[in-house]
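**Q** Just so it is clear, I am handing over data09.txt, which has compact mmCIF, C-alpha atoms and all ligand atoms.
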# COMPACT_ATOMS: atom_id res chain seq x y z
CA MET A 30 -18.12 -2.12 25.13
CA ASN A 31 -18.60 -5.42 26.92
CA ASN A 32 -22.34 -5.05 26.96
CA PRO A 33 -23.62 -7.25 24.11
CA GLY A 34 -26.73 -5.06 23.77
CA SER A 35 -24.60 -2.02 23.00
CA GLN A 36 -22.80 -4.02 20.26
CA THR A 37 -26.02 -4.71 18.37
CA ALA A 38 -27.65 -1.31 18.92
CA PRO A 39 -26.95 1.09 16.05
CA LEU A 40 -24.15 3.60 16.60
CA LEU A 41 -26.32 6.38 15.24
CA GLU A 42 -30.09 6.54 15.15
CA ILE A 43 -31.84 9.46 13.51
CA ARG A 44 -35.51 9.86 14.36
CA ASN A 45 -37.87 12.13 12.44
CA LEU A 46 -35.15 14.74 11.99
CA LYS A 47 -36.14 18.10 10.51
CA THR A 48 -33.82 20.95 9.55
CA TRP A 49 -35.76 23.91 8.23
CA PHE A 50 -33.99 27.15 7.32
CA PRO A 51 -36.02 30.33 7.86
CA VAL A 52 -36.62 32.54 4.82
CA ARG A 53 -36.59 36.17 6.00
CA ARG A 54 -38.40 38.95 4.17
CA GLY A 55 -38.96 42.68 4.53
CA ILE A 56 -37.42 45.42 6.66
CA PHE A 57 -38.27 43.63 9.91
CA SER A 58 -36.71 40.41 8.61
CA SER A 59 -39.83 38.50 9.55
CA VAL A 60 -39.78 34.78 8.84
CA THR A 61 -42.42 34.12 6.25
CA ARG A 62 -41.55 30.62 5.09
CA HIS A 63 -38.98 27.85 5.56
CA VAL A 64 -36.65 25.86 3.32
CA ARG A 65 -37.47 22.32 4.41
CA ALA A 66 -34.01 20.94 3.63
CA VAL A 67 -34.42 17.86 5.85
CA ASP A 68 -38.05 17.06 6.47
CA GLY A 69 -38.61 14.09 8.74
CA VAL A 70 -35.69 11.73 8.17
CA SER A 71 -35.37 8.49 10.15
CA LEU A 72 -32.28 6.34 9.59
CA SER A 73 -29.89 4.20 11.54
CA ILE A 74 -26.20 3.47 11.00
CA GLY A 75 -24.62 0.43 12.60
CA ARG A 76 -21.14 0.09 14.03
CA GLN A 77 -18.59 -0.43 11.29
CA GLU A 78 -21.25 0.12 8.67
CA THR A 79 -21.26 2.37 5.60
CA LEU A 80 -24.56 3.94 4.69
CA GLY A 81 -24.54 5.49 1.21
CA LEU A 82 -26.77 8.54 0.78
CA VAL A 83 -27.84 9.44 -2.75
CA GLY A 84 -30.23 11.88 -4.39
CA GLU A 85 -30.29 14.82 -6.78
CA SER A 86 -28.63 18.15 -6.06
CA GLY A 87 -30.54 20.16 -3.45
CA CYS A 88 -32.39 17.20 -1.90
CA GLY A 89 -30.81 17.83 1.54
CA LYS A 90 -27.86 15.40 1.77
CA THR A 91 -25.27 17.90 2.99
CA THR A 92 -27.73 19.52 5.39
CA LEU A 93 -28.48 16.10 6.89
CA GLY A 94 -24.75 15.43 7.39
CA ARG A 95 -24.14 18.89 8.83
CA THR A 96 -27.09 18.58 11.20
CA LEU A 97 -25.72 15.30 12.60
CA LEU A 98 -22.51 17.13 13.47
CA GLY A 99 -24.28 20.17 14.91
CA LEU A 100 -23.05 22.42 12.06
CA ASP A 101 -26.67 23.16 11.07
CA ARG A 102 -29.28 23.51 13.80
CA ALA A 103 -32.00 20.84 13.81
CA THR A 104 -35.58 22.09 13.95
CA SER A 105 -36.91 18.93 15.64
CA GLY A 106 -36.30 15.20 15.97
CA GLN A 107 -33.65 13.09 17.66
CA VAL A 108 -30.05 12.14 16.81
CA LEU A 109 -29.08 9.30 19.12
CA PHE A 110 -25.33 8.65 19.11
CA ASP A 111 -24.42 5.67 21.23
CA GLY A 112 -27.87 6.04 22.82
CA LYS A 113 -27.50 9.73 23.75
CA ASP A 114 -29.55 12.40 22.01
CA LEU A 115 -27.06 14.93 20.61
CA LEU A 116 -29.81 17.51 20.17
CA THR A 117 -30.78 17.68 23.83
CA LEU A 118 -27.50 16.77 25.52
CA PRO A 119 -26.08 19.52 27.76
CA SER A 120 -23.35 21.40 25.90
CA ARG A 121 -20.50 20.07 28.09
CA ALA A 122 -21.50 16.45 27.45
CA ARG A 123 -21.93 17.22 23.74
CA GLN A 124 -18.43 18.70 23.59
CA ILE A 125 -16.99 15.50 25.04
CA LEU A 126 -18.79 13.39 22.40
CA ARG A 127 -18.06 15.81 19.57
CA PRO A 128 -14.62 14.46 18.45
CA ARG A 129 -16.20 11.03 17.91
CA LEU A 130 -18.21 12.43 14.96
CA GLN A 131 -16.32 14.00 12.06
CA MET A 132 -16.91 15.14 8.48
CA ILE A 133 -14.80 15.38 5.32
CA PHE A 134 -15.81 17.51 2.36
CA GLN A 135 -15.51 17.54 -1.42
CA ASP A 136 -12.98 20.38 -1.53
CA PRO A 137 -10.29 19.74 1.10
CA TYR A 138 -8.29 22.77 -0.04
CA SER A 139 -10.80 25.26 1.34
CA SER A 140 -10.70 23.59 4.77
CA LEU A 141 -6.89 23.32 4.99
CA ASN A 142 -5.23 26.48 6.29
CA PRO A 143 -2.75 27.44 3.51
CA ARG A 144 -0.36 29.09 6.02
CA MET A 145 0.01 26.03 8.24
CA THR A 146 2.38 23.12 7.70
CA ILE A 147 0.83 19.67 7.40
CA LYS A 148 2.17 18.82 10.87
CA GLY A 149 0.27 21.78 12.29
CA ILE A 150 -2.90 20.93 10.37
CA VAL A 151 -3.14 17.26 11.30
CA THR A 152 -2.37 17.79 15.00
CA GLU A 153 -4.37 21.00 15.52
CA GLY A 154 -7.47 19.16 16.78
CA LEU A 155 -5.40 17.02 19.14
CA VAL A 156 -4.01 20.12 20.82
CA GLU A 157 -7.42 21.81 20.92
CA HIS A 158 -9.10 18.79 22.53
CA ARG A 159 -6.08 18.05 24.75
CA LEU A 160 -5.69 14.58 23.28
CA LEU A 161 -2.02 14.88 22.30
CA ARG A 162 0.16 12.03 23.53
CA GLY A 163 3.84 12.31 22.66
CA THR A 164 5.09 15.14 20.45
CA ARG A 165 3.18 16.79 17.60
CA GLU A 166 5.90 15.55 15.27
CA GLN A 167 5.55 11.88 16.25
CA GLU A 168 1.77 12.03 16.13
CA ALA A 169 1.76 13.73 12.70
CA ILE A 170 4.13 11.09 11.28
CA ARG A 171 1.88 8.32 12.62
CA LEU A 172 -1.24 9.93 11.16
CA LEU A 173 0.36 10.56 7.77
CA GLY A 174 1.43 6.91 7.73
CA GLU A 175 -2.20 5.88 8.36
CA VAL A 176 -3.29 7.64 5.17
CA GLY A 177 -0.30 6.59 3.06
CA LEU A 178 1.72 9.84 3.05
CA PRO A 179 5.49 9.99 3.74
CA PRO A 180 6.91 11.59 6.95
CA ASP A 181 8.51 14.45 4.99
CA ALA A 182 4.99 15.72 4.17
CA ASN A 183 5.04 17.07 7.73
CA TYR A 184 6.99 20.20 6.80
CA ARG A 185 5.22 21.06 3.58
CA TYR A 186 2.17 23.24 2.90
CA PRO A 187 -1.22 22.27 1.42
CA PHE A 188 -0.55 23.92 -2.00
CA GLU A 189 2.36 21.48 -2.56
CA PHE A 190 -0.02 18.50 -2.75
CA SER A 191 -2.41 17.09 -5.37
CA GLY A 192 -6.18 16.93 -4.80
CA GLY A 193 -6.00 13.26 -3.78
CA GLN A 194 -3.12 13.92 -1.35
CA ARG A 195 -4.99 16.87 0.15
CA GLN A 196 -7.99 14.64 0.72
CA ARG A 197 -5.65 12.21 2.55
CA ILE A 198 -4.41 15.11 4.69
CA SER A 199 -7.98 16.02 5.69
CA LEU A 200 -8.58 12.39 6.50
CA ALA A 201 -5.43 12.31 8.70
CA ARG A 202 -6.68 15.40 10.52
CA VAL A 203 -10.08 13.83 11.11
CA LEU A 204 -8.51 10.52 12.24
CA SER A 205 -6.39 12.34 14.82
CA LEU A 206 -9.50 12.69 16.99
CA ARG A 207 -10.16 8.94 16.92
CA PRO A 208 -13.68 9.26 15.51
CA GLU A 209 -16.19 6.42 15.32
CA PHE A 210 -18.44 8.06 12.76
CA ILE A 211 -17.40 10.08 9.67
CA VAL A 212 -19.66 11.89 7.22
CA CYS A 213 -17.93 11.78 3.82
CA ASP A 214 -19.67 14.48 1.77
CA GLU A 215 -18.79 13.94 -1.91
CA ALA A 216 -15.31 13.19 -0.55
CA VAL A 217 -14.07 11.50 -3.74
CA SER A 218 -16.22 13.30 -6.32
CA ALA A 219 -13.58 15.81 -7.43
CA LEU A 220 -10.85 13.17 -7.91
CA ASP A 221 -10.04 11.39 -11.15
CA VAL A 222 -11.05 7.77 -11.45
CA SER A 223 -7.77 6.06 -10.44
CA VAL A 224 -7.19 8.38 -7.45
CA GLN A 225 -10.85 7.93 -6.52
CA ALA A 226 -10.36 4.15 -6.39
CA GLN A 227 -7.27 4.53 -4.14
CA MET A 228 -9.19 6.83 -1.81
CA LEU A 229 -12.14 4.42 -1.62
CA ASN A 230 -9.77 1.56 -0.78
CA LEU A 231 -8.14 3.69 1.90
CA LEU A 232 -11.54 4.52 3.42
CA MET A 233 -12.45 0.82 3.46
CA ASP A 234 -9.09 -0.12 5.06
CA LEU A 235 -9.47 2.55 7.73
CA LYS A 236 -12.99 1.36 8.44
CA GLU A 237 -11.65 -2.12 9.20
CA ARG A 238 -8.61 -0.88 11.12
CA HIS A 239 -10.44 1.59 13.33
CA ALA A 240 -13.98 0.13 13.38
CA LEU A 241 -15.38 3.25 11.69
CA SER A 242 -18.91 3.94 10.46
CA TYR A 243 -19.51 6.20 7.48
CA LEU A 244 -22.38 8.21 6.08
CA PHE A 245 -21.12 8.28 2.50
CA ILE A 246 -22.79 11.05 0.49
CA SER A 247 -22.29 10.87 -3.27
CA HIS A 248 -24.08 11.55 -6.52
CA ASP A 249 -22.11 8.68 -8.10
CA LEU A 250 -24.16 5.50 -7.76
CA GLY A 251 -21.27 3.33 -9.00
CA VAL A 252 -19.05 4.58 -6.16
CA VAL A 253 -21.87 4.21 -3.64
CA LYS A 254 -22.49 0.64 -4.78
CA HIS A 255 -18.80 -0.15 -4.34
CA ILE A 256 -18.40 1.18 -0.80
CA SER A 257 -21.80 0.98 0.94
CA ASP A 258 -23.33 -1.78 3.02
CA ARG A 259 -26.71 -0.08 2.82
CA VAL A 260 -28.07 2.76 0.70
CA ALA A 261 -30.62 5.48 1.50
CA VAL A 262 -32.25 7.47 -1.29
CA MET A 263 -33.25 11.04 -0.50
CA TYR A 264 -35.75 13.21 -2.32
CA LEU A 265 -36.83 16.71 -1.28
CA GLY A 266 -35.81 16.30 2.34
CA HIS A 267 -37.30 12.80 2.72
CA ILE A 268 -35.86 9.29 2.59
CA VAL A 269 -37.88 7.50 -0.10
CA GLU A 270 -36.13 4.12 0.06
CA GLU A 271 -33.46 2.47 2.18
CA GLY A 272 -32.00 -1.02 2.42
CA ARG A 273 -29.11 -3.38 1.57
CA THR A 274 -27.04 -2.07 -1.33
CA GLU A 275 -27.53 -5.03 -3.72
CA GLU A 276 -31.26 -5.11 -3.08
CA ILE A 277 -31.66 -1.39 -3.81
CA MET A 278 -29.33 -1.35 -6.84
CA ASP A 279 -30.60 -4.56 -8.45
CA HIS A 280 -34.30 -4.33 -7.57
CA PRO A 281 -35.19 -0.73 -6.70
CA GLY A 282 -38.64 -0.45 -5.11
CA HIS A 283 -39.28 3.28 -5.55
CA PRO A 284 -39.80 4.82 -9.03
CA TYR A 285 -37.35 7.60 -8.05
CA THR A 286 -34.60 5.10 -7.18
CA GLN A 287 -35.32 3.31 -10.47
CA ALA A 288 -34.96 6.58 -12.37
CA LEU A 289 -31.66 7.42 -10.65
CA ILE A 290 -30.25 3.98 -11.46
CA ASP A 291 -31.57 4.10 -15.04
CA ALA A 292 -29.81 7.43 -15.58
CA VAL A 293 -26.37 5.84 -15.14
CA CYS A 294 -24.64 2.74 -16.39
CA ILE A 295 -23.85 0.34 -13.54
CA PRO A 296 -22.15 -2.91 -14.60
CA GLY A 297 -23.98 -6.14 -13.83
CA ARG A 298 -27.38 -4.52 -13.29
CA PRO A 299 -30.40 -6.62 -14.38
CA ARG A 300 -32.22 -5.31 -17.49
CA ARG A 301 -35.75 -3.91 -17.19
CA ARG A 302 -37.90 -1.10 -18.60
CA LYS A 303 -36.26 2.25 -17.96
CA ILE A 304 -37.78 5.19 -16.11
CA ILE A 305 -36.61 8.55 -17.48
CA LEU A 306 -36.70 11.36 -14.93
CA SER A 307 -38.23 14.56 -16.33
CA GLY A 308 -38.70 18.03 -14.82
CA GLU A 309 -36.92 19.67 -11.93
CA ILE A 310 -36.93 18.79 -8.25
CA PRO A 311 -39.68 21.04 -6.66
CA SER A 312 -38.73 23.84 -4.28
CA PRO A 313 -38.20 22.71 -0.68
CA ILE A 314 -39.87 26.01 0.35
CA ASN A 315 -43.15 24.91 -1.13
CA PRO A 316 -43.11 21.10 -1.34
CA PRO A 317 -46.02 19.37 -3.08
CA PRO A 318 -48.71 17.71 -0.92
CA GLY A 319 -48.87 13.90 -0.67
CA CYS A 320 -45.85 12.02 -1.99
CA PRO A 321 -43.06 14.54 -2.69
CA PHE A 322 -42.14 12.70 -5.90
CA HIS A 323 -45.68 12.62 -7.37
CA PRO A 324 -45.32 15.60 -9.79
CA ARG A 325 -42.49 13.77 -11.61
CA CYS A 326 -43.59 10.18 -11.12
CA PRO A 327 -44.52 8.27 -14.31
CA ARG A 328 -46.67 5.89 -12.24
CA VAL A 329 -48.54 8.56 -10.25
CA MET A 330 -52.01 7.63 -8.87
CA ASP A 331 -54.71 9.83 -7.26
CA VAL A 332 -53.74 8.79 -3.75
CA CYS A 333 -50.14 10.00 -4.35
CA ARG A 334 -51.41 13.58 -4.75
CA ARG A 335 -53.22 13.47 -1.41
CA GLU A 336 -51.41 11.23 1.07
CA TYR A 337 -47.83 10.84 2.16
CA PRO A 338 -47.03 7.12 1.66
CA ALA A 339 -46.69 4.97 4.76
CA GLU A 340 -43.53 2.92 5.33
CA CYS A 341 -43.68 -0.32 3.33
CA ARG A 342 -41.23 -3.09 4.27
CA GLN A 343 -39.93 -5.43 1.57
CA GLY A 344 -37.35 -7.85 2.96
CA THR A 345 -34.64 -5.78 4.62
CA ARG A 346 -35.66 -2.52 2.98
CA ARG A 347 -38.11 0.29 3.57
CA VAL A 348 -39.90 1.98 0.69
CA TYR A 349 -42.16 5.03 0.90
CA CYS A 350 -44.39 4.60 -2.15
CA HIS A 351 -48.11 3.89 -2.63
CA LEU A 352 -47.18 1.32 -5.29
CA CYS A 353 -45.26 -0.74 -2.77
CA GLY A 354 -47.10 -3.71 -1.34
CA PRO A 355 -47.74 -7.42 -1.78
CA LYS A 356 -48.93 -6.95 -5.40
CA GLN A 357 -45.62 -5.39 -6.43
CA GLU A 358 -43.38 -8.04 -4.85
N1 LIG A 401 -27.82 27.66 5.31
C1 LIG A 401 -28.85 27.54 4.49
N2 LIG A 401 -29.83 28.48 4.45
C2 LIG A 401 -30.91 28.35 3.63
N3 LIG A 401 -31.09 27.31 2.79
C3 LIG A 401 -30.14 26.35 2.77
C4 LIG A 401 -28.97 26.41 3.61
N4 LIG A 401 -28.21 25.31 3.37
C5 LIG A 401 -28.87 24.60 2.43
N5 LIG A 401 -30.03 25.22 2.06
C6 LIG A 401 -31.02 24.74 1.09
O1 LIG A 401 -31.42 23.45 1.52
C7 LIG A 401 -31.64 22.60 0.40
C8 LIG A 401 -30.77 21.36 0.54
O2 LIG A 401 -29.39 21.75 0.33
P1 LIG A 401 -28.18 20.72 0.49
O3 LIG A 401 -26.94 21.49 0.30
O4 LIG A 401 -28.36 19.98 1.75
O5 LIG A 401 -28.44 19.75 -0.73
P2 LIG A 401 -27.53 18.58 -1.32
O6 LIG A 401 -28.41 17.38 -1.48
O7 LIG A 401 -26.31 18.42 -0.49
O8 LIG A 401 -27.15 19.14 -2.77
P3 LIG A 401 -25.80 18.91 -3.63
O9 LIG A 401 -25.90 17.50 -4.20
O10 LIG A 401 -25.88 19.94 -4.71
O11 LIG A 401 -24.61 19.09 -2.72
C9 LIG A 401 -31.35 23.43 -0.84
O12 LIG A 401 -32.57 23.94 -1.32
C10 LIG A 401 -30.46 24.54 -0.30
O13 LIG A 401 -30.61 25.71 -1.08
MG MG A 402 -24.25 18.65 -0.87
Could you show the structure in this file as structure tokens?
Ligand SMILES: Nc1ncnc2c1ncn2[C@@H]1O[C@H](COP(=O)(O)OP(=O)(O)OP(=O)(O)O)[C@@H](O)[C@H]1O
Ligand SMILES: [Mg+2]
**A**
Amino acid sequence: MNNPGSQTAPLLEIRNLKTWFPVRRGIFSSVTRHVRAVDGVSLSIGRQETLGLVGESGCGKTTLGRTLLGLDRATSGQVLFDGKDLLTLPSRARQILRPRLQMIFQDPYSSLNPRMTIKGIVTEGLVEHRLLRGTREQEAIRLLGEVGLPPDANYRYPFEFSGGQRQRISLARVLSLRPEFIVCDEAVSALDVSVQAQMLNLLMDLKERHALSYLFISHDLGVVKHISDRVAVMYLGHIVEEGRTEEIMDHPGHPYTQALIDAVCIPGRPRRRKIILSGEIPSPINPPPGCPFHPRCPRVMDVCRREYPAECRQGTRRVYCHLCGPKQE
């Protein structure tokens, strides 16, 4: 911690990560093709930074989050956490690091055991990882306090709580392991607007209090704009644009980002000609050659059909588009 280099190095660095799921066919279950859910993603997340991850349904957001936590098996690439590659680390060393990375999901109810009391749920991981200091009771009360729930919640069961309260309980459970990095996968999407705002404020408070970093996955660009320091836009397993939130939201560089932003109303956004997204996202089993967005792109050129676009840097952001360059700035 005292090493200044380690302070500036990103907490998490993802390099050319691929997660392909085999598609099995026939009586011998031979693998004929793959679903390329994550197809060469490179990203970094700093300490105490929130990276928003957006993109249409099926573009690979959840798979990326799950792969970082080892819940889906990576096909290739590197996931450097605090400088150590989680994909090649011996299993004992990985187990020691494991509590430092956590994930919360859209539907907390399905991940909360309905037969356990809240005390049992929020301290289960502490017991499993032998991290319990003091009694389960004391620790549960402390954790519930962290997420704004009263001590008497300890003796109740998940069904007695609202959706927002259940999401707080899953957060308390995750916090029990003192994580540094949390994947929030559509964590506020099922909540109504006022509860959503409270949950976002809680996440931001906890980030400050415990120096957390988040990968915040959401289809709601307004929410992402509110909470994220940086935003990455994903399309068909690839990151097509990534950079500081205001830069991406106010001056998107990729036609796909423009179309996503144009599809929703975000207050304070500069006016410009809209891009309307037509057609469906192609199958990740058989992705198009060249730029993955070219079949739907209103500004498609010949080169887009042939070549995958190289990284183009504009200020603090990266854009993967053949249109990007000095002429477009
Ligand atoms: N275990 C799996 N086996 C095979 N294919 C999978 C598996 N998990 C995900 N996929 C496929 O990978 C692709 C990406 O799915 P993923 O759930 O990561 O998308 P997403 O961006 O999170 O979508 P959504 O916004 O709807 O949650 C989809 O085509 C999906 O069908
Ligand atoms: Mg998902």
**Q** I'd like to know which of A:Leu155, A:Leu172, A:Val269, A:Ala292 is closest to Cys353 of chain A, using all atoms listed in the file.
**A**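 Of A:Leu155, A:Leu172, A:Val269, A:Ala292, the one nearest Cys353 of chain A is A:Val269, counting all atoms listed in the file.
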**Q** Would you pick out the contacts of Thr104 of chain A at 8 Å or less, using only C-alpha atoms, so that residues sharing its chain but fewer than 5 positions from it are not included, and give the list as a ChimeraX atom specification?
**A** /A:46-49
**Q** Could you tell me how far atom O8 of ligand LIG 401 (chain A) sits from atom CA of Glu340 of chain A, in Å to one decimal place?
**A** 24.4 Å
**Q** Could I get the residue neighbourhood of ligand LIG 401 (chain A) at 8 Å, counting all atoms listed in the file, as a list in words?
**A**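 So the residues close to ligand LIG 401 (chain A) are Trp49, Phe50, Pro51, Val52, Val64, Arg65, Ala66, Val67, Gly84, Glu85, Ser86, Gly87, Cys88, Gly89, Lys90, Thr91, Thr92, Leu93, Asp101, Glu215, Ser247, His248, Leu265, Gly266, Ser312, Pro313 and Ile314 of chain A.
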**Q** Find the residues near Pro39 of chain A: any atom within 9 Å, counting all atoms listed in the file, skip ones fewer than 2 places away on the same chain, and give them as number ranges by chain.
**A** A: 35-37, 41-42, 73-76, 110-112
**Q** Neighbours of Leu235 of chain A within 9 Å (all atoms listed in the file; same-chain residues fewer than 6 positions away dropped), as number ranges by chain?
**A** A: 175-176, 241
**Q** If we count only C-alpha atoms and set the cut-off at 9 Å, which residues sit around Cys213 of chain A, ignoring sequence neighbours fewer than 3 positions away in its own chain? Please answer as a short mmCIF file (atom, residue, chain, number, x, y, z; two decimals) with C-alpha atoms, in the frame of the given file.
**A**
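Generated output (result_12.cif):
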data_model
loop_
_atom_site.label_atom_id
_atom_site.label_comp_id
_atom_site.auth_asym_id
_atom_site.auth_seq_id
_atom_site.Cartn_x
_atom_site.Cartn_y
_atom_site.Cartn_z
CA GLY A 94 -24.75 15.43 7.39
CA GLN A 131 -16.32 14.00 12.06
CA MET A 132 -16.91 15.14 8.48
CA ILE A 133 -14.80 15.38 5.32
CA PHE A 134 -15.81 17.51 2.36
CA GLN A 135 -15.51 17.54 -1.42
CA ALA A 216 -15.31 13.19 -0.55
CA VAL A 217 -14.07 11.50 -3.74
CA TYR A 243 -19.51 6.20 7.48
CA LEU A 244 -22.38 8.21 6.08
CA PHE A 245 -21.12 8.28 2.50
CA ILE A 246 -22.79 11.05 0.49
CA SER A 247 -22.29 10.87 -3.27
#
**Q** Between A:Cys333, A:Ala103, A:Val212, A:Gln77, single out the one closest to ligand MG 402 (chain A), counting only C-alpha atoms and all ligand atoms.
**A**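 Among the listed residues, the smallest separation from ligand MG 402 (chain A) belongs to A:Val212.
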**Q** Quick one: everything within 12 Å of Pro281 of chain A, counting only C-alpha atoms, minus sequence neighbours fewer than 5 positions away in the same chain. Send it as a PyMOL selection string.
**A** chain A and resi 260-262+269-276+286-291+298-299+301+303-304+343+346-350+353+357-358
**Q** Could you dump the residues just selected with C-alpha atoms as a PDB file, in the coordinates of the input?
**A**
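Once written, selection_35.pdb looks like this:
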ATOM      1  CA  VAL A 260     -28.070   2.760   0.700  1.00  0.00           C
ATOM      2  CA  ALA A 261     -30.620   5.480   1.500  1.00  0.00           C
ATOM      3  CA  VAL A 262     -32.250   7.470  -1.290  1.00  0.00           C
ATOM      4  CA  VAL A 269     -37.880   7.500  -0.100  1.00  0.00           C
ATOM      5  CA  GLU A 270     -36.130   4.120   0.060  1.00  0.00           C
ATOM      6  CA  GLU A 271     -33.460   2.470   2.180  1.00  0.00           C
ATOM      7  CA  GLY A 272     -32.000  -1.020   2.420  1.00  0.00           C
ATOM      8  CA  ARG A 273     -29.110  -3.380   1.570  1.00  0.00           C
ATOM      9  CA  THR A 274     -27.040  -2.070  -1.330  1.00  0.00           C
ATOM     10  CA  GLU A 275     -27.530  -5.030  -3.720  1.00  0.00           C
ATOM     11  CA  GLU A 276     -31.260  -5.110  -3.080  1.00  0.00           C
ATOM     12  CA  THR A 286     -34.600   5.100  -7.180  1.00  0.00           C
ATOM     13  CA  GLN A 287     -35.320   3.310 -10.470  1.00  0.00           C
ATOM     14  CA  ALA A 288     -34.960   6.580 -12.370  1.00  0.00           C
ATOM     15  CA  LEU A 289     -31.660   7.420 -10.650  1.00  0.00           C
ATOM     16  CA  ILE A 290     -30.250   3.980 -11.460  1.00  0.00           C
ATOM     17  CA  ASP A 291     -31.570   4.100 -15.040  1.00  0.00           C
ATOM     18  CA  ARG A 298     -27.380  -4.520 -13.290  1.00  0.00           C
ATOM     19  CA  PRO A 299     -30.400  -6.620 -14.380  1.00  0.00           C
ATOM     20  CA  ARG A 301     -35.750  -3.910 -17.190  1.00  0.00           C
ATOM     21  CA  LYS A 303     -36.260   2.250 -17.960  1.00  0.00           C
ATOM     22  CA  ILE A 304     -37.780   5.190 -16.110  1.00  0.00           C
ATOM     23  CA  GLN A 343     -39.930  -5.430   1.570  1.00  0.00           C
ATOM     24  CA  ARG A 346     -35.660  -2.520   2.980  1.00  0.00           C
ATOM     25  CA  ARG A 347     -38.110   0.290   3.570  1.00  0.00           C
ATOM     26  CA  VAL A 348     -39.900   1.980   0.690  1.00  0.00           C
ATOM     27  CA  TYR A 349     -42.160   5.030   0.900  1.00  0.00           C
ATOM     28  CA  CYS A 350     -44.390   4.600  -2.150  1.00  0.00           C
ATOM     29  CA  CYS A 353     -45.260  -0.740  -2.770  1.00  0.00           C
ATOM     30  CA  GLN A 357     -45.620  -5.390  -6.430  1.00  0.00           C
ATOM     31  CA  GLU A 358     -43.380  -8.040  -4.850  1.00  0.00           C
TER      32      GLU A 358
END
**Q** Would you please work out which residue, of A:Leu72, A:Met228, A:Met233, A:Val83, is nearest to ligand MG 402 (chain A) when using all atoms listed in the file?
**A**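 Nearest to ligand MG 402 (chain A): A:Val83.
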**Q** Which residue gives the smallest distance to ligand MG 402 (chain A) among A:Ser307, A:Ser257, A:Ser242, A:Ser218, with only C-alpha atoms and all ligand atoms counted?
**A**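 Of the candidates, the smallest distance to ligand MG 402 (chain A) is held by A:Ser218.
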**Q** Hey, which of A:Arg62, A:Arg144, A:Arg171, A:Arg95 ends up closest to ligand MG 402 (chain A)? Count all atoms listed in the file.
**A** A:Arg95
**Q** Interatomic distance between atom CA of Gly308 of chain A and atom CA of Arg325 of chain A?
**A**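 Atom CA of Gly308 of chain A sits 6.5 Å away from atom CA of Arg325 of chain A.
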**Q** Rounded to one decimal, what separation in Å do you get between atom CA of Pro318 of chain A and atom CA of Pro284 of chain A?
**A**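 Computing the Euclidean distance for atom CA of Pro318 of chain A and atom CA of Pro284 of chain A yields 17.6 Å.
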**Q** So, with all atoms listed in the file as the atoms that count, which of A:Gly344, A:Gly55, A:Gly177, A:Gly163 lies closest to Leu232 of chain A?
**A**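 For Leu232 of chain A, the nearest of the candidates is A:Gly177.
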**Q** Keeping N, CA, C and O atoms (and nothing else), can you write segment 324-332 of chain A of this structure as a CSV table (one decimal), in the first residue's frame?
**A**
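The result, written out as decode.csv:
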chain,number,residue,atom,x,y,z
A,324,PRO,N,-23.1,-4.1,-40.1
A,324,PRO,CA,-24.4,-4.3,-40.7
A,324,PRO,C,-25.5,-3.4,-40.3
A,324,PRO,O,-26.5,-3.3,-41.0
A,325,ARG,N,-25.4,-2.7,-39.1
A,325,ARG,CA,-26.4,-1.8,-38.7
A,325,ARG,C,-26.0,-0.3,-38.7
A,325,ARG,O,-26.8,0.5,-38.3
A,326,CYS,N,-24.8,-0.1,-39.2
A,326,CYS,CA,-24.2,1.3,-39.0
A,326,CYS,C,-24.7,2.1,-40.2
A,326,CYS,O,-24.6,1.8,-41.4
A,327,PRO,N,-25.3,3.3,-39.9
A,327,PRO,CA,-25.8,4.2,-40.9
A,327,PRO,C,-24.7,4.9,-41.7
A,327,PRO,O,-24.9,5.5,-42.8
A,328,ARG,N,-23.4,4.8,-41.2
A,328,ARG,CA,-22.3,5.5,-41.8
A,328,ARG,C,-21.3,4.5,-42.3
A,328,ARG,O,-20.1,4.8,-42.4
A,329,VAL,N,-21.8,3.2,-42.6
A,329,VAL,CA,-20.9,2.2,-43.0
A,329,VAL,C,-20.1,2.5,-44.3
A,329,VAL,O,-20.6,3.2,-45.2
A,330,MET,N,-18.8,2.1,-44.3
A,330,MET,CA,-18.0,2.3,-45.5
A,330,MET,C,-17.4,0.9,-45.9
A,330,MET,O,-17.6,0.0,-45.2
A,331,ASP,N,-16.8,0.8,-47.1
A,331,ASP,CA,-16.3,-0.5,-47.6
A,331,ASP,C,-15.3,-1.1,-46.6
A,331,ASP,O,-15.4,-2.3,-46.3
A,332,VAL,N,-14.4,-0.3,-46.1
A,332,VAL,CA,-13.4,-0.8,-45.2
A,332,VAL,C,-14.0,-1.5,-43.9
A,332,VAL,O,-13.5,-2.4,-43.4
